[in-house]
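Heads up, the thing below is written out as structure tokens.
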Amino acid sequence: MAFVGYSTGGEWIGSARAGLFGSQRNASTWTQCGAVASSVCARNKAVRRGKVVVQVPVCVASGSSVKDDVGVGAQDAASKTAASGASGLRVSTRKNLRRQSKVVCTIGPKTCSLAAMDELATNGMDIVRLNMSHGTHEWHQAVIDNVRDLNLTGRYNLGIMLDTKGPEVRSGDLKTPIEVKRGERFVWTTRKSGHSFGEFCTEVSYDDFVNDVQVGDTLLVDGGISSFLIVEKTELDVITECIDGGVLTSRRHLNVRGKSASLPAITDKDWEDIKFGLKNNVDFYALSFVKHEDDVAFLKDYLREHGSEALVLPKIESAEAVPRLRQILQVADGAMVARGDLGAELPVEDVPLVQAEIVRINRELKKPTIVATHMLESMIVYPTPTRAEVTDISEAIKQSADATMLSGETAGGNFPVLALQTMSRVAQSVFDLKLDAPSGEFYEIKPAPGVGDASLRSDIAYSAAVLARDLKAAAIVIFTRAGNYAREVSAVRPRCPVLAFSPSADLKRRLALSWGIDSYNIQFDTEDPEKTIHRAMQYLTQKGEIRKGEVLVIVSDMLNGKGDSVNSIQLRVIR
């Protein structure tokens, strides 16, 4: 392995000595590398001379060996790659389509079979969502078993997300649907079954419902499909007048405009579901109706105490959560923008603004965001989406959301695979359009100023993305134990695929949610990091995921033989 140069306190050696290591035509490559290293050191004033913080070795990988041959420069290889039209890796369906965002699919009766889930995975599903508001533990166990079987084939890396039911307020069971027209009186009661309710009355699942609402409040059914004005209260009943009529059926979701129910964020049922998730080592917990960062911290502590490193993603769907967005997101591992209930509790015109703010804060914090609810709602029934739905997906991707989600579209819709294909195709069109966008607009987003090791990682991640852009690299390859470097690189939004190697199979699945990352499981050699890189290059070559002439940018903080962590950027040309 030939170390062309390194930066010590901002002094670059490689560019000045380019002629010693290859033909003069490679000088521009070394100059670019030197600029990267100098930039990282300049932004990290605390780096002392003699402390090597950035290494930029350039070497050529060939099958099972790495040659000390830099006669063919990285820039030449990149030019050949571009000339042949090879702008990226053939890693997966998503990479073939250049779709760097991920897709979360809710599994339901229409898609719970092994064959149906295989078809979804083949068409780009990245994360399997278990909606604990429906189904038994036995039913969800069968879905989890199917996911494990699919992952064992080696063709997929599906993560599992357990979405808690949360403290929902729902209407009771009705013998037959009730059609309510504008101006008609309707009663919502906390009296229990066994009482005679009358035709225009139904029970409510929340005992404190009467105390939580006030005369003059607006009660929304299923996010506003129908609405009622509260005109009177008694000890057990809430009397309303219908504003927007409709047909009421059993167990409808109820919201009060601008208010949240005074229920705990994690209910007894949620705890049972969380324990079920722990037993099955799920990868993500979507926590419903979070109002405060303490709700998230409590669940994270519980999971860690029970040996789980699963990510906790609060669902921002409560009006009370919005004023505390940053505090909640700082504690969390990411977030889901649950726009259905959020739109019921906030003015609808505020929802896209809150969505954009959540995506912005999370990208700054290097945490993933899922945009969810009503994305392709019409495709539950129809085979084609509305133009507004297509625009909605496109805008979420342009905002730089890590993932978009399908709910009823894949859980019980008539066209689950078609809905997934549509979402993937819309995302692909955004990435195709933005491929030539200037740095900082969509790709190569400069990280916010940081301190210490976090700042160093951010600067190296950004520099790797810029280097990959300038050299038209096929991919950025990352070696990570905890996932920090992978998420740092993902957050700056490089144009090329990000291939993350980790010794942890659990981390491999957790990284499946992060923008642009394909993750792989490989054991690290703690004595010789070069052996780890060799194995990774062999794996990618044997799988046909990299090919001759392609340039790779490699980022790692692997331990060297002395036990020191070395932050490095490397360039490798496949021969």
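Chains: A, B, ... in order of the structure tokens. Residues: from 1 per chain. Ligands: from 1, in order shown.
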
**OP:** Would you mind listing what lies within 9 Å of Glu232 (chain A) as a PyMOL selection string, with only C-alpha atoms counted and same-chain residues fewer than 6 positions away left out?
**Re:** chain A and resi 214-216+238-240

Dump of N, CA and C atoms for the selected residues, as a compact mmCIF listing (two decimals), in the first residue's frame:
# COMPACT_ATOMS: atom_id res chain seq x y z
N GLN A 214 -63.68 21.26 25.70
CA GLN A 214 -64.46 22.42 26.16
C GLN A 214 -65.51 22.77 25.13
N VAL A 215 -66.58 23.40 25.59
CA VAL A 215 -67.59 23.90 24.67
C VAL A 215 -66.93 24.88 23.70
N GLY A 216 -67.22 24.70 22.43
CA GLY A 216 -66.59 25.54 21.40
C GLY A 216 -65.46 24.84 20.67
N VAL A 238 -70.61 14.29 25.94
CA VAL A 238 -70.24 15.48 25.18
C VAL A 238 -71.23 15.59 24.03
N ILE A 239 -72.00 16.68 24.03
CA ILE A 239 -73.04 16.86 23.02
C ILE A 239 -72.48 17.76 21.92
N THR A 240 -72.63 17.33 20.69
CA THR A 240 -72.05 18.07 19.56
C THR A 240 -73.09 18.32 18.47

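CA of Ala401 (chain A) is found 26.6 Å from CA of Asn414 (chain A).
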
Subject >> Non-local contacts of region 423-432 of chain A (10 Å; only C-alpha atoms; under 2 positions in same chain excluded) as a PyMOL selection string >> reply: chain A and resi 93-103+123-125+375-376+385+389-398+403-406+417-421+434-437+442-443+495

Resulting file, chosen residues, C-alpha atoms, as a JSON list (two decimals), in the first residue's frame:
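As written to disk, part.json reads:
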[["chain", "number", "residue", "atom", "x", "y", "z"],
["A", 93, "THR", "CA", -32.74, -1.96, -7.29],
["A", 94, "ARG", "CA", -32.45, 1.36, -5.49],
["A", 95, "LYS", "CA", -28.93, 1.97, -6.83],
["A", 96, "ASN", "CA", -29.91, 0.99, -10.35],
["A", 97, "LEU", "CA", -32.63, 3.62, -10.10],
["A", 98, "ARG", "CA", -30.34, 6.13, -8.34],
["A", 99, "ARG", "CA", -32.94, 6.29, -5.54],
["A", 100, "GLN", "CA", -31.01, 7.39, -2.49],
["A", 101, "SER", "CA", -34.08, 7.86, -0.29],
["A", 102, "LYS", "CA", -35.61, 4.83, 1.40],
["A", 103, "VAL", "CA", -39.14, 3.45, 1.45],
["A", 123, "ASN", "CA", -39.37, -3.63, -5.85],
["A", 124, "GLY", "CA", -37.46, -1.52, -3.33],
["A", 125, "MET", "CA", -38.95, -1.90, 0.17],
["A", 375, "MET", "CA", -48.62, 9.91, 0.40],
["A", 376, "LEU", "CA", -50.45, 7.75, -2.17],
["A", 385, "PRO", "CA", -52.03, 8.41, -8.09],
["A", 389, "GLU", "CA", -49.75, 12.96, -4.37],
["A", 390, "VAL", "CA", -46.88, 12.73, -6.86],
["A", 391, "THR", "CA", -45.91, 16.31, -6.04],
["A", 392, "ASP", "CA", -46.11, 15.52, -2.32],
["A", 393, "ILE", "CA", -43.56, 12.70, -2.63],
["A", 394, "SER", "CA", -41.33, 14.83, -4.82],
["A", 395, "GLU", "CA", -41.36, 17.70, -2.34],
["A", 396, "ALA", "CA", -40.49, 15.40, 0.58],
["A", 397, "ILE", "CA", -37.47, 14.11, -1.38],
["A", 398, "LYS", "CA", -36.44, 17.65, -2.36],
["A", 403, "ALA", "CA", -37.49, 8.01, 3.76],
["A", 404, "THR", "CA", -41.09, 8.13, 2.65],
["A", 405, "MET", "CA", -43.73, 5.73, 3.94],
["A", 406, "LEU", "CA", -46.66, 3.76, 2.59],
["A", 417, "VAL", "CA", -46.69, -3.26, -5.48],
["A", 418, "LEU", "CA", -47.83, -0.62, -7.94],
["A", 419, "ALA", "CA", -47.92, 1.97, -5.14],
["A", 420, "LEU", "CA", -44.36, 1.05, -4.14],
["A", 421, "GLN", "CA", -43.17, 1.22, -7.74],
["A", 434, "LYS", "CA", -30.78, 16.96, -9.14],
["A", 435, "LEU", "CA", -27.72, 15.01, -10.30],
["A", 436, "ASP", "CA", -26.08, 18.13, -11.77],
["A", 437, "ALA", "CA", -27.25, 20.48, -9.01],
["A", 442, "PHE", "CA", -29.20, 19.30, -2.78],
["A", 443, "TYR", "CA", -25.92, 17.41, -2.57],
["A", 495, "ARG", "CA", -24.08, 12.17, -5.12]]

**OP:** Have a look at A:Met117, A:Ala310, A:Val359, A:Leu499 and name the one nearest to Ile274 (chain A); count only C-alpha atoms.
**Re:** A:Ala310

Subject >> All residues 12 Å or closer to Thr106 (chain A), only C-alpha atoms, same chain fewer than 6 positions away omitted, as a PyMOL selection string >> reply: chain A and resi 112+117+120+125-134+140+143+160-163+372-373+404-413+416-417+419-420
